[in-house]
$ cat entry24.pdb   # PDB, N, CA and C atoms
MODEL        1
ATOM      1  N   MET A1291     -24.101-152.905  24.346  1.00  0.00           N
ATOM      2  CA  MET A1291     -23.508-152.717  25.649  1.00  0.00           C
ATOM      3  C   MET A1291     -23.845-151.326  26.172  1.00  0.00           C
ATOM      4  N   THR A1292     -24.088-151.266  27.456  1.00  0.00           N
ATOM      5  CA  THR A1292     -24.427-150.012  28.102  1.00  0.00           C
ATOM      6  C   THR A1292     -23.322-149.621  29.079  1.00  0.00           C
ATOM      7  N   TYR A1293     -22.816-148.421  28.919  1.00  0.00           N
ATOM      8  CA  TYR A1293     -21.818-147.884  29.841  1.00  0.00           C
ATOM      9  C   TYR A1293     -22.500-146.933  30.807  1.00  0.00           C
ATOM     10  N   THR A1294     -22.121-146.998  32.056  1.00  0.00           N
ATOM     11  CA  THR A1294     -22.567-146.033  33.049  1.00  0.00           C
ATOM     12  C   THR A1294     -21.321-145.406  33.652  1.00  0.00           C
ATOM     13  N   THR A1295     -21.191-144.097  33.528  1.00  0.00           N
ATOM     14  CA  THR A1295     -20.050-143.372  34.078  1.00  0.00           C
ATOM     15  C   THR A1295     -20.561-142.404  35.130  1.00  0.00           C
ATOM     16  N   ARG A1296     -19.949-142.480  36.325  1.00  0.00           N
ATOM     17  CA  ARG A1296     -20.401-141.643  37.426  1.00  0.00           C
ATOM     18  C   ARG A1296     -19.211-141.018  38.140  1.00  0.00           C
ATOM     19  N   SER A1297     -19.417-139.796  38.605  1.00  0.00           N
ATOM     20  CA  SER A1297     -18.416-139.127  39.439  1.00  0.00           C
ATOM     21  C   SER A1297     -18.530-139.677  40.850  1.00  0.00           C
ATOM     22  N   ALA A1298     -17.381-139.836  41.509  1.00  0.00           N
ATOM     23  CA  ALA A1298     -17.388-140.390  42.860  1.00  0.00           C
ATOM     24  C   ALA A1298     -16.206-139.834  43.646  1.00  0.00           C
ATOM     25  N   ARG A1299     -16.124-140.250  44.900  1.00  0.00           N
ATOM     26  CA  ARG A1299     -15.015-139.848  45.766  1.00  0.00           C
ATOM     27  C   ARG A1299     -14.641-141.035  46.630  1.00  0.00           C
ATOM     28  N   ILE A1300     -13.335-141.282  46.712  1.00  0.00           N
ATOM     29  CA  ILE A1300     -12.805-142.300  47.610  1.00  0.00           C
ATOM     30  C   ILE A1300     -12.606-141.632  48.967  1.00  0.00           C
ATOM     31  N   THR A1301     -13.268-142.160  50.007  1.00  0.00           N
ATOM     32  CA  THR A1301     -13.203-141.546  51.334  1.00  0.00           C
ATOM     33  C   THR A1301     -12.541-142.461  52.366  1.00  0.00           C
ATOM     34  N   GLY A1302     -12.208-143.662  51.955  1.00  0.00           N
ATOM     35  CA  GLY A1302     -11.562-144.634  52.838  1.00  0.00           C
ATOM     36  C   GLY A1302     -10.869-145.678  51.987  1.00  0.00           C
ATOM     37  N   PRO A1303     -10.239-146.656  52.607  1.00  0.00           N
ATOM     38  CA  PRO A1303      -9.459-147.627  51.847  1.00  0.00           C
ATOM     39  C   PRO A1303     -10.296-148.468  50.876  1.00  0.00           C
ATOM     40  N   VAL A1304      -9.907-148.423  49.607  1.00  0.00           N
ATOM     41  CA  VAL A1304     -10.475-149.285  48.569  1.00  0.00           C
ATOM     42  C   VAL A1304      -9.290-150.000  47.941  1.00  0.00           C
ATOM     43  N   HIS A1305      -9.236-151.302  48.123  1.00  0.00           N
ATOM     44  CA  HIS A1305      -8.084-152.096  47.690  1.00  0.00           C
ATOM     45  C   HIS A1305      -8.305-152.705  46.306  1.00  0.00           C
ATOM     46  N   TYR A1306      -7.207-152.895  45.601  1.00  0.00           N
ATOM     47  CA  TYR A1306      -7.217-153.570  44.299  1.00  0.00           C
ATOM     48  C   TYR A1306      -5.871-154.245  44.117  1.00  0.00           C
ATOM     49  N   LEU A1307      -5.780-155.107  43.103  1.00  0.00           N
ATOM     50  CA  LEU A1307      -4.512-155.754  42.802  1.00  0.00           C
ATOM     51  C   LEU A1307      -3.681-154.837  41.922  1.00  0.00           C
ATOM     52  N   GLY A1308      -2.529-154.425  42.428  1.00  0.00           N
ATOM     53  CA  GLY A1308      -1.634-153.542  41.695  1.00  0.00           C
ATOM     54  C   GLY A1308      -0.624-154.334  40.887  1.00  0.00           C
ATOM     55  N   GLU A1309       0.445-153.668  40.524  1.00  0.00           N
ATOM     56  CA  GLU A1309       1.510-154.297  39.740  1.00  0.00           C
ATOM     57  C   GLU A1309       2.033-155.538  40.446  1.00  0.00           C
ATOM     58  N   GLY A1310       2.261-156.577  39.676  1.00  0.00           N
ATOM     59  CA  GLY A1310       2.803-157.808  40.226  1.00  0.00           C
ATOM     60  C   GLY A1310       1.847-158.539  41.151  1.00  0.00           C
ATOM     61  N   GLY A1311       0.555-158.180  41.105  1.00  0.00           N
ATOM     62  CA  GLY A1311      -0.428-158.842  41.937  1.00  0.00           C
ATOM     63  C   GLY A1311      -0.399-158.418  43.391  1.00  0.00           C
ATOM     64  N   ARG A1312       0.310-157.315  43.665  1.00  0.00           N
ATOM     65  CA  ARG A1312       0.387-156.821  45.047  1.00  0.00           C
ATOM     66  C   ARG A1312      -0.869-156.027  45.415  1.00  0.00           C
ATOM     67  N   ASP A1313      -1.218-156.083  46.689  1.00  0.00           N
ATOM     68  CA  ASP A1313      -2.343-155.315  47.195  1.00  0.00           C
ATOM     69  C   ASP A1313      -1.991-153.827  47.127  1.00  0.00           C
ATOM     70  N   ALA A1314      -2.880-153.032  46.552  1.00  0.00           N
ATOM     71  CA  ALA A1314      -2.687-151.593  46.453  1.00  0.00           C
ATOM     72  C   ALA A1314      -3.980-150.906  46.902  1.00  0.00           C
ATOM     73  N   THR A1315      -3.872-149.637  47.228  1.00  0.00           N
ATOM     74  CA  THR A1315      -5.027-148.869  47.695  1.00  0.00           C
ATOM     75  C   THR A1315      -5.212-147.649  46.810  1.00  0.00           C
ATOM     76  N   ILE A1316      -6.441-147.410  46.396  1.00  0.00           N
ATOM     77  CA  ILE A1316      -6.752-146.208  45.625  1.00  0.00           C
ATOM     78  C   ILE A1316      -6.652-145.017  46.575  1.00  0.00           C
ATOM     79  N   PRO A1317      -5.959-143.948  46.184  1.00  0.00           N
ATOM     80  CA  PRO A1317      -5.813-142.800  47.088  1.00  0.00           C
ATOM     81  C   PRO A1317      -7.137-142.072  47.326  1.00  0.00           C
ATOM     82  N   LEU A1318      -7.225-141.418  48.466  1.00  0.00           N
ATOM     83  CA  LEU A1318      -8.411-140.630  48.784  1.00  0.00           C
ATOM     84  C   LEU A1318      -8.554-139.486  47.796  1.00  0.00           C
ATOM     85  N   GLY A1319      -9.792-139.180  47.442  1.00  0.00           N
ATOM     86  CA  GLY A1319     -10.048-138.058  46.555  1.00  0.00           C
ATOM     87  C   GLY A1319     -11.021-138.405  45.450  1.00  0.00           C
ATOM     88  N   PRO A1320     -11.155-137.501  44.490  1.00  0.00           N
ATOM     89  CA  PRO A1320     -12.126-137.691  43.412  1.00  0.00           C
ATOM     90  C   PRO A1320     -11.721-138.818  42.470  1.00  0.00           C
ATOM     91  N   CYS A1321     -12.742-139.426  41.874  1.00  0.00           N
ATOM     92  CA  CYS A1321     -12.510-140.490  40.896  1.00  0.00           C
ATOM     93  C   CYS A1321     -13.726-140.582  39.981  1.00  0.00           C
ATOM     94  N   VAL A1322     -13.604-141.413  38.975  1.00  0.00           N
ATOM     95  CA  VAL A1322     -14.706-141.717  38.071  1.00  0.00           C
ATOM     96  C   VAL A1322     -14.901-143.221  38.097  1.00  0.00           C
ATOM     97  N   VAL A1323     -16.161-143.641  38.215  1.00  0.00           N
ATOM     98  CA  VAL A1323     -16.499-145.058  38.229  1.00  0.00           C
ATOM     99  C   VAL A1323     -17.216-145.363  36.918  1.00  0.00           C
ATOM    100  N   GLU A1324     -16.698-146.329  36.174  1.00  0.00           N
ATOM    101  CA  GLU A1324     -17.304-146.703  34.904  1.00  0.00           C
ATOM    102  C   GLU A1324     -17.706-148.166  34.974  1.00  0.00           C
ATOM    103  N   GLN A1325     -18.983-148.408  34.738  1.00  0.00           N
ATOM    104  CA  GLN A1325     -19.529-149.756  34.824  1.00  0.00           C
ATOM    105  C   GLN A1325     -20.026-150.189  33.458  1.00  0.00           C
ATOM    106  N   LEU A1326     -19.741-151.430  33.094  1.00  0.00           N
ATOM    107  CA  LEU A1326     -20.167-151.984  31.818  1.00  0.00           C
ATOM    108  C   LEU A1326     -21.149-153.109  32.080  1.00  0.00           C
ATOM    109  N   ASP A1327     -22.418-152.895  31.762  1.00  0.00           N
ATOM    110  CA  ASP A1327     -23.458-153.913  31.886  1.00  0.00           C
ATOM    111  C   ASP A1327     -23.513-154.598  33.241  1.00  0.00           C
ATOM    112  N   GLY A1328     -23.130-153.903  34.318  1.00  0.00           N
ATOM    113  CA  GLY A1328     -23.244-154.453  35.651  1.00  0.00           C
ATOM    114  C   GLY A1328     -22.231-155.528  36.003  1.00  0.00           C
ATOM    115  N   ARG A1329     -21.287-155.821  35.128  1.00  0.00           N
ATOM    116  CA  ARG A1329     -20.329-156.892  35.383  1.00  0.00           C
ATOM    117  C   ARG A1329     -18.921-156.382  35.644  1.00  0.00           C
ATOM    118  N   SER A1330     -18.488-155.438  34.860  1.00  0.00           N
ATOM    119  CA  SER A1330     -17.120-154.937  34.939  1.00  0.00           C
ATOM    120  C   SER A1330     -17.134-153.497  35.442  1.00  0.00           C
ATOM    121  N   VAL A1331     -16.274-153.207  36.432  1.00  0.00           N
ATOM    122  CA  VAL A1331     -16.232-151.859  37.000  1.00  0.00           C
ATOM    123  C   VAL A1331     -14.787-151.372  37.000  1.00  0.00           C
ATOM    124  N   ASP A1332     -14.561-150.204  36.428  1.00  0.00           N
ATOM    125  CA  ASP A1332     -13.243-149.576  36.430  1.00  0.00           C
ATOM    126  C   ASP A1332     -13.341-148.281  37.218  1.00  0.00           C
ATOM    127  N   ILE A1333     -12.282-147.980  37.978  1.00  0.00           N
ATOM    128  CA  ILE A1333     -12.192-146.709  38.688  1.00  0.00           C
ATOM    129  C   ILE A1333     -10.977-145.972  38.148  1.00  0.00           C
ATOM    130  N   PHE A1334     -11.172-144.705  37.798  1.00  0.00           N
ATOM    131  CA  PHE A1334     -10.111-143.848  37.271  1.00  0.00           C
ATOM    132  C   PHE A1334      -9.865-142.717  38.260  1.00  0.00           C
ATOM    133  N   TRP A1335      -8.595-142.373  38.480  1.00  0.00           N
ATOM    134  CA  TRP A1335      -8.234-141.269  39.368  1.00  0.00           C
ATOM    135  C   TRP A1335      -6.918-140.669  38.897  1.00  0.00           C
ATOM    136  N   GLY A1336      -6.481-139.631  39.566  1.00  0.00           N
ATOM    137  CA  GLY A1336      -5.238-138.948  39.215  1.00  0.00           C
ATOM    138  C   GLY A1336      -5.523-137.651  38.506  1.00  0.00           C
ATOM    139  N   ASP A1337      -4.491-136.835  38.358  1.00  0.00           N
ATOM    140  CA  ASP A1337      -4.654-135.518  37.744  1.00  0.00           C
ATOM    141  C   ASP A1337      -5.297-135.572  36.369  1.00  0.00           C
ATOM    142  N   SER A1338      -4.946-136.573  35.579  1.00  0.00           N
ATOM    143  CA  SER A1338      -5.492-136.700  34.229  1.00  0.00           C
ATOM    144  C   SER A1338      -6.376-137.928  34.080  1.00  0.00           C
ATOM    145  N   GLY A1339      -6.719-138.554  35.191  1.00  0.00           N
ATOM    146  CA  GLY A1339      -7.508-139.783  35.130  1.00  0.00           C
ATOM    147  C   GLY A1339      -6.711-140.938  34.561  1.00  0.00           C
ATOM    148  N   ASP A1340      -5.375-140.835  34.696  1.00  0.00           N
ATOM    149  CA  ASP A1340      -4.502-141.817  34.065  1.00  0.00           C
ATOM    150  C   ASP A1340      -4.214-143.033  34.941  1.00  0.00           C
ATOM    151  N   GLU A1341      -4.676-143.017  36.182  1.00  0.00           N
ATOM    152  CA  GLU A1341      -4.527-144.178  37.054  1.00  0.00           C
ATOM    153  C   GLU A1341      -5.844-144.941  37.022  1.00  0.00           C
ATOM    154  N   THR A1342      -5.781-146.257  37.007  1.00  0.00           N
ATOM    155  CA  THR A1342      -7.010-147.041  36.900  1.00  0.00           C
ATOM    156  C   THR A1342      -6.891-148.365  37.635  1.00  0.00           C
ATOM    157  N   ALA A1343      -8.036-148.863  38.059  1.00  0.00           N
ATOM    158  CA  ALA A1343      -8.109-150.179  38.692  1.00  0.00           C
ATOM    159  C   ALA A1343      -9.416-150.833  38.272  1.00  0.00           C
ATOM    160  N   ALA A1344      -9.358-152.128  38.024  1.00  0.00           N
ATOM    161  CA  ALA A1344     -10.558-152.902  37.726  1.00  0.00           C
ATOM    162  C   ALA A1344     -10.956-153.650  38.992  1.00  0.00           C
ATOM    163  N   LEU A1345     -12.196-153.492  39.384  1.00  0.00           N
ATOM    164  CA  LEU A1345     -12.710-154.154  40.578  1.00  0.00           C
ATOM    165  C   LEU A1345     -13.963-154.943  40.226  1.00  0.00           C
ATOM    166  N   SER A1346     -14.221-155.956  41.019  1.00  0.00           N
ATOM    167  CA  SER A1346     -15.450-156.719  40.817  1.00  0.00           C
ATOM    168  C   SER A1346     -16.631-155.865  41.267  1.00  0.00           C
ATOM    169  N   PHE A1347     -17.792-156.183  40.745  1.00  0.00           N
ATOM    170  CA  PHE A1347     -19.000-155.469  41.137  1.00  0.00           C
ATOM    171  C   PHE A1347     -19.227-155.637  42.635  1.00  0.00           C
ATOM    172  N   GLU A1348     -18.906-156.814  43.172  1.00  0.00           N
ATOM    173  CA  GLU A1348     -19.075-157.069  44.594  1.00  0.00           C
ATOM    174  C   GLU A1348     -18.154-156.166  45.431  1.00  0.00           C
ATOM    175  N   ALA A1349     -16.906-155.975  44.983  1.00  0.00           N
ATOM    176  CA  ALA A1349     -15.967-155.109  45.705  1.00  0.00           C
ATOM    177  C   ALA A1349     -16.454-153.667  45.710  1.00  0.00           C
ATOM    178  N   ILE A1350     -17.053-153.219  44.623  1.00  0.00           N
ATOM    179  CA  ILE A1350     -17.606-151.863  44.553  1.00  0.00           C
ATOM    180  C   ILE A1350     -18.755-151.731  45.538  1.00  0.00           C
ATOM    181  N   GLN A1351     -19.617-152.750  45.596  1.00  0.00           N
ATOM    182  CA  GLN A1351     -20.743-152.719  46.529  1.00  0.00           C
ATOM    183  C   GLN A1351     -20.264-152.634  47.973  1.00  0.00           C
ATOM    184  N   VAL A1352     -19.228-153.407  48.320  1.00  0.00           N
ATOM    185  CA  VAL A1352     -18.670-153.375  49.676  1.00  0.00           C
ATOM    186  C   VAL A1352     -18.112-151.994  49.981  1.00  0.00           C
ATOM    187  N   ALA A1353     -17.393-151.394  49.030  1.00  0.00           N
ATOM    188  CA  ALA A1353     -16.816-150.060  49.233  1.00  0.00           C
ATOM    189  C   ALA A1353     -17.918-149.017  49.425  1.00  0.00           C
ATOM    190  N   GLU A1354     -18.984-149.118  48.636  1.00  0.00           N
ATOM    191  CA  GLU A1354     -20.103-148.177  48.799  1.00  0.00           C
ATOM    192  C   GLU A1354     -20.809-148.393  50.127  1.00  0.00           C
ATOM    193  N   ASP A1355     -21.085-149.644  50.467  1.00  0.00           N
ATOM    194  CA  ASP A1355     -21.808-149.945  51.714  1.00  0.00           C
ATOM    195  C   ASP A1355     -21.035-149.488  52.938  1.00  0.00           C
ATOM    196  N   SER A1356     -19.701-149.545  52.871  1.00  0.00           N
ATOM    197  CA  SER A1356     -18.875-149.144  54.015  1.00  0.00           C
ATOM    198  C   SER A1356     -18.628-147.632  54.062  1.00  0.00           C
ATOM    199  N   GLY A1357     -19.023-146.929  53.002  1.00  0.00           N
ATOM    200  CA  GLY A1357     -18.813-145.485  52.939  1.00  0.00           C
ATOM    201  C   GLY A1357     -17.443-145.091  52.406  1.00  0.00           C
ATOM    202  N   ASN A1358     -16.643-146.073  51.959  1.00  0.00           N
ATOM    203  CA  ASN A1358     -15.311-145.770  51.421  1.00  0.00           C
ATOM    204  C   ASN A1358     -15.344-145.282  49.976  1.00  0.00           C
ATOM    205  N   LEU A1359     -16.463-145.502  49.305  1.00  0.00           N
ATOM    206  CA  LEU A1359     -16.687-144.990  47.951  1.00  0.00           C
ATOM    207  C   LEU A1359     -18.050-144.301  47.969  1.00  0.00           C
ATOM    208  N   VAL A1360     -18.049-143.009  47.662  1.00  0.00           N
ATOM    209  CA  VAL A1360     -19.284-142.237  47.655  1.00  0.00           C
ATOM    210  C   VAL A1360     -19.551-141.779  46.220  1.00  0.00           C
ATOM    211  N   VAL A1361     -20.648-142.242  45.652  1.00  0.00           N
ATOM    212  CA  VAL A1361     -21.028-141.841  44.308  1.00  0.00           C
ATOM    213  C   VAL A1361     -21.726-140.493  44.403  1.00  0.00           C
ATOM    214  N   LEU A1362     -21.286-139.538  43.586  1.00  0.00           N
ATOM    215  CA  LEU A1362     -21.763-138.164  43.688  1.00  0.00           C
ATOM    216  C   LEU A1362     -22.926-137.847  42.747  1.00  0.00           C
ATOM    217  N   ASP A1363     -23.101-138.610  41.704  1.00  0.00           N
ATOM    218  CA  ASP A1363     -24.227-138.335  40.790  1.00  0.00           C
ATOM    219  C   ASP A1363     -24.955-139.593  40.405  1.00  0.00           C
TER     220      ASP A1363
ENDMDL
END
$ encode --input "entry24.pdb" --output "structure tokens"
Amino acid sequence: MTYTTRSARITGPVHYLGEGGRDATIPLGPCVVEQLDGRSVDIFWGDSGDETAALSFEAIQVAEDSGNLVVLD
């Protein structure tokens, strides 16, 4: 398995399923995007990187294409 970890920034609304299946939004600011073999994508944010959301690869592509997720490296 190949992991790809990249620094990024949330610049607009990026939605995910939060607690209880409710729609939640990742806050604006720095984050880390970790991709596993192109199928699974996790985003980490917060002071200690302790907040996380799992998104589909397609959702990540939409966020990048719209400019709401900017990969920095």
$ resolve_selection --input "entry24.pdb" --expression "the PyMOL selection byres ((chain A and resi 1294) around 7)" --output "ChimeraX atom specification"
/A:1292-1293,1295-1296,1323-1327
$ atom_distance --input "entry24.pdb" --atom1 "atom C of Glu1354 of chain A" --atom2 "atom C of Gly1310 of chain A"
26.4 Å
$ closest_residue --input "entry24.pdb" --among "A:Gln1351, A:Thr1301, A:Ser1356, A:Thr1342" --to "Pro1320 of chain A" --atoms "all atoms listed in the file"
A:Thr1301
$ closest_residue --input "entry24.pdb" --among "A:Val1304, A:Glu1341, A:Asn1358, A:Val1331" --to "Ile1316 of chain A" --atoms "only C-alpha atoms"
A:Val1304
$ residues_around --input "entry24.pdb" --residues "Leu1318 of chain A" --least-positions-apart "6" --cutoff "6.5 Å" --atoms "all atoms listed in the file" --output "PyMOL selection string"
chain A and resi 1299-1302
$ select_by_dssp --input "entry24.pdb" --residues "chain A" --states "strand (DSSP E or B)" --output "number ranges by chain"
A: 1293-1300, 1305-1307, 1313-1315, 1319-1326, 1330-1335, 1341-1346, 1359-1361
$ write_last_selection --input "entry24.pdb" --atoms "N, CA and C atoms" --output "mmCIF file, in the coordinates of the input"
data_model
loop_
_atom_site.group_PDB
_atom_site.id
_atom_site.type_symbol
_atom_site.label_atom_id
_atom_site.label_comp_id
_atom_site.auth_asym_id
_atom_site.auth_seq_id
_atom_site.Cartn_x
_atom_site.Cartn_y
_atom_site.Cartn_z
ATOM 1 N N TYR A 1293 -22.816 -148.421 28.919
ATOM 2 C CA TYR A 1293 -21.818 -147.884 29.841
ATOM 3 C C TYR A 1293 -22.500 -146.933 30.807
ATOM 4 N N THR A 1294 -22.121 -146.998 32.056
ATOM 5 C CA THR A 1294 -22.567 -146.033 33.049
ATOM 6 C C THR A 1294 -21.321 -145.406 33.652
ATOM 7 N N THR A 1295 -21.191 -144.097 33.528
ATOM 8 C CA THR A 1295 -20.050 -143.372 34.078
ATOM 9 C C THR A 1295 -20.561 -142.404 35.130
ATOM 10 N N ARG A 1296 -19.949 -142.480 36.325
ATOM 11 C CA ARG A 1296 -20.401 -141.643 37.426
ATOM 12 C C ARG A 1296 -19.211 -141.018 38.140
ATOM 13 N N SER A 1297 -19.417 -139.796 38.605
ATOM 14 C CA SER A 1297 -18.416 -139.127 39.439
ATOM 15 C C SER A 1297 -18.530 -139.677 40.850
ATOM 16 N N ALA A 1298 -17.381 -139.836 41.509
ATOM 17 C CA ALA A 1298 -17.388 -140.390 42.860
ATOM 18 C C ALA A 1298 -16.206 -139.834 43.646
ATOM 19 N N ARG A 1299 -16.124 -140.250 44.900
ATOM 20 C CA ARG A 1299 -15.015 -139.848 45.766
ATOM 21 C C ARG A 1299 -14.641 -141.035 46.630
ATOM 22 N N ILE A 1300 -13.335 -141.282 46.712
ATOM 23 C CA ILE A 1300 -12.805 -142.300 47.610
ATOM 24 C C ILE A 1300 -12.606 -141.632 48.967
ATOM 25 N N HIS A 1305 -9.236 -151.302 48.123
ATOM 26 C CA HIS A 1305 -8.084 -152.096 47.690
ATOM 27 C C HIS A 1305 -8.305 -152.705 46.306
ATOM 28 N N TYR A 1306 -7.207 -152.895 45.601
ATOM 29 C CA TYR A 1306 -7.217 -153.570 44.299
ATOM 30 C C TYR A 1306 -5.871 -154.245 44.117
ATOM 31 N N LEU A 1307 -5.780 -155.107 43.103
ATOM 32 C CA LEU A 1307 -4.512 -155.754 42.802
ATOM 33 C C LEU A 1307 -3.681 -154.837 41.922
ATOM 34 N N ASP A 1313 -1.218 -156.083 46.689
ATOM 35 C CA ASP A 1313 -2.343 -155.315 47.195
ATOM 36 C C ASP A 1313 -1.991 -153.827 47.127
ATOM 37 N N ALA A 1314 -2.880 -153.032 46.552
ATOM 38 C CA ALA A 1314 -2.687 -151.593 46.453
ATOM 39 C C ALA A 1314 -3.980 -150.906 46.902
ATOM 40 N N THR A 1315 -3.872 -149.637 47.228
ATOM 41 C CA THR A 1315 -5.027 -148.869 47.695
ATOM 42 C C THR A 1315 -5.212 -147.649 46.810
ATOM 43 N N GLY A 1319 -9.792 -139.180 47.442
ATOM 44 C CA GLY A 1319 -10.048 -138.058 46.555
ATOM 45 C C GLY A 1319 -11.021 -138.405 45.450
ATOM 46 N N PRO A 1320 -11.155 -137.501 44.490
ATOM 47 C CA PRO A 1320 -12.126 -137.691 43.412
ATOM 48 C C PRO A 1320 -11.721 -138.818 42.470
ATOM 49 N N CYS A 1321 -12.742 -139.426 41.874
ATOM 50 C CA CYS A 1321 -12.510 -140.490 40.896
ATOM 51 C C CYS A 1321 -13.726 -140.582 39.981
ATOM 52 N N VAL A 1322 -13.604 -141.413 38.975
ATOM 53 C CA VAL A 1322 -14.706 -141.717 38.071
ATOM 54 C C VAL A 1322 -14.901 -143.221 38.097
ATOM 55 N N VAL A 1323 -16.161 -143.641 38.215
ATOM 56 C CA VAL A 1323 -16.499 -145.058 38.229
ATOM 57 C C VAL A 1323 -17.216 -145.363 36.918
ATOM 58 N N GLU A 1324 -16.698 -146.329 36.174
ATOM 59 C CA GLU A 1324 -17.304 -146.703 34.904
ATOM 60 C C GLU A 1324 -17.706 -148.166 34.974
ATOM 61 N N GLN A 1325 -18.983 -148.408 34.738
ATOM 62 C CA GLN A 1325 -19.529 -149.756 34.824
ATOM 63 C C GLN A 1325 -20.026 -150.189 33.458
ATOM 64 N N LEU A 1326 -19.741 -151.430 33.094
ATOM 65 C CA LEU A 1326 -20.167 -151.984 31.818
ATOM 66 C C LEU A 1326 -21.149 -153.109 32.080
ATOM 67 N N SER A 1330 -18.488 -155.438 34.860
ATOM 68 C CA SER A 1330 -17.120 -154.937 34.939
ATOM 69 C C SER A 1330 -17.134 -153.497 35.442
ATOM 70 N N VAL A 1331 -16.274 -153.207 36.432
ATOM 71 C CA VAL A 1331 -16.232 -151.859 37.000
ATOM 72 C C VAL A 1331 -14.787 -151.372 37.000
ATOM 73 N N ASP A 1332 -14.561 -150.204 36.428
ATOM 74 C CA ASP A 1332 -13.243 -149.576 36.430
ATOM 75 C C ASP A 1332 -13.341 -148.281 37.218
ATOM 76 N N ILE A 1333 -12.282 -147.980 37.978
ATOM 77 C CA ILE A 1333 -12.192 -146.709 38.688
ATOM 78 C C ILE A 1333 -10.977 -145.972 38.148
ATOM 79 N N PHE A 1334 -11.172 -144.705 37.798
ATOM 80 C CA PHE A 1334 -10.111 -143.848 37.271
ATOM 81 C C PHE A 1334 -9.865 -142.717 38.260
ATOM 82 N N TRP A 1335 -8.595 -142.373 38.480
ATOM 83 C CA TRP A 1335 -8.234 -141.269 39.368
ATOM 84 C C TRP A 1335 -6.918 -140.669 38.897
ATOM 85 N N GLU A 1341 -4.676 -143.017 36.182
ATOM 86 C CA GLU A 1341 -4.527 -144.178 37.054
ATOM 87 C C GLU A 1341 -5.844 -144.941 37.022
ATOM 88 N N THR A 1342 -5.781 -146.257 37.007
ATOM 89 C CA THR A 1342 -7.010 -147.041 36.900
ATOM 90 C C THR A 1342 -6.891 -148.365 37.635
ATOM 91 N N ALA A 1343 -8.036 -148.863 38.059
ATOM 92 C CA ALA A 1343 -8.109 -150.179 38.692
ATOM 93 C C ALA A 1343 -9.416 -150.833 38.272
ATOM 94 N N ALA A 1344 -9.358 -152.128 38.024
ATOM 95 C CA ALA A 1344 -10.558 -152.902 37.726
ATOM 96 C C ALA A 1344 -10.956 -153.650 38.992
ATOM 97 N N LEU A 1345 -12.196 -153.492 39.384
ATOM 98 C CA LEU A 1345 -12.710 -154.154 40.578
ATOM 99 C C LEU A 1345 -13.963 -154.943 40.226
ATOM 100 N N SER A 1346 -14.221 -155.956 41.019
ATOM 101 C CA SER A 1346 -15.450 -156.719 40.817
ATOM 102 C C SER A 1346 -16.631 -155.865 41.267
ATOM 103 N N LEU A 1359 -16.463 -145.502 49.305
ATOM 104 C CA LEU A 1359 -16.687 -144.990 47.951
ATOM 105 C C LEU A 1359 -18.050 -144.301 47.969
ATOM 106 N N VAL A 1360 -18.049 -143.009 47.662
ATOM 107 C CA VAL A 1360 -19.284 -142.237 47.655
ATOM 108 C C VAL A 1360 -19.551 -141.779 46.220
ATOM 109 N N VAL A 1361 -20.648 -142.242 45.652
ATOM 110 C CA VAL A 1361 -21.028 -141.841 44.308
ATOM 111 C C VAL A 1361 -21.726 -140.493 44.403
#
$ closest_residue --input "entry24.pdb" --among "A:Val1322, A:Leu1362, A:Asp1355, A:Arg1329" --to "Ala1343 of chain A" --atoms "only C-alpha atoms"
A:Val1322
$ residues_near_point --input "entry24.pdb" --point "(-10.9, -155.8, 37.2)" --cutoff "7 Å" --atoms "all atoms listed in the file" --output "JSON, numbers by chain"
{"A": [1330, 1331, 1332, 1343, 1344, 1345, 1346]}
$ atom_distance --input "entry24.pdb" --atom1 "atom N of Val1361 of chain A" --atom2 "atom N of Ala1298 of chain A"
5.8 Å
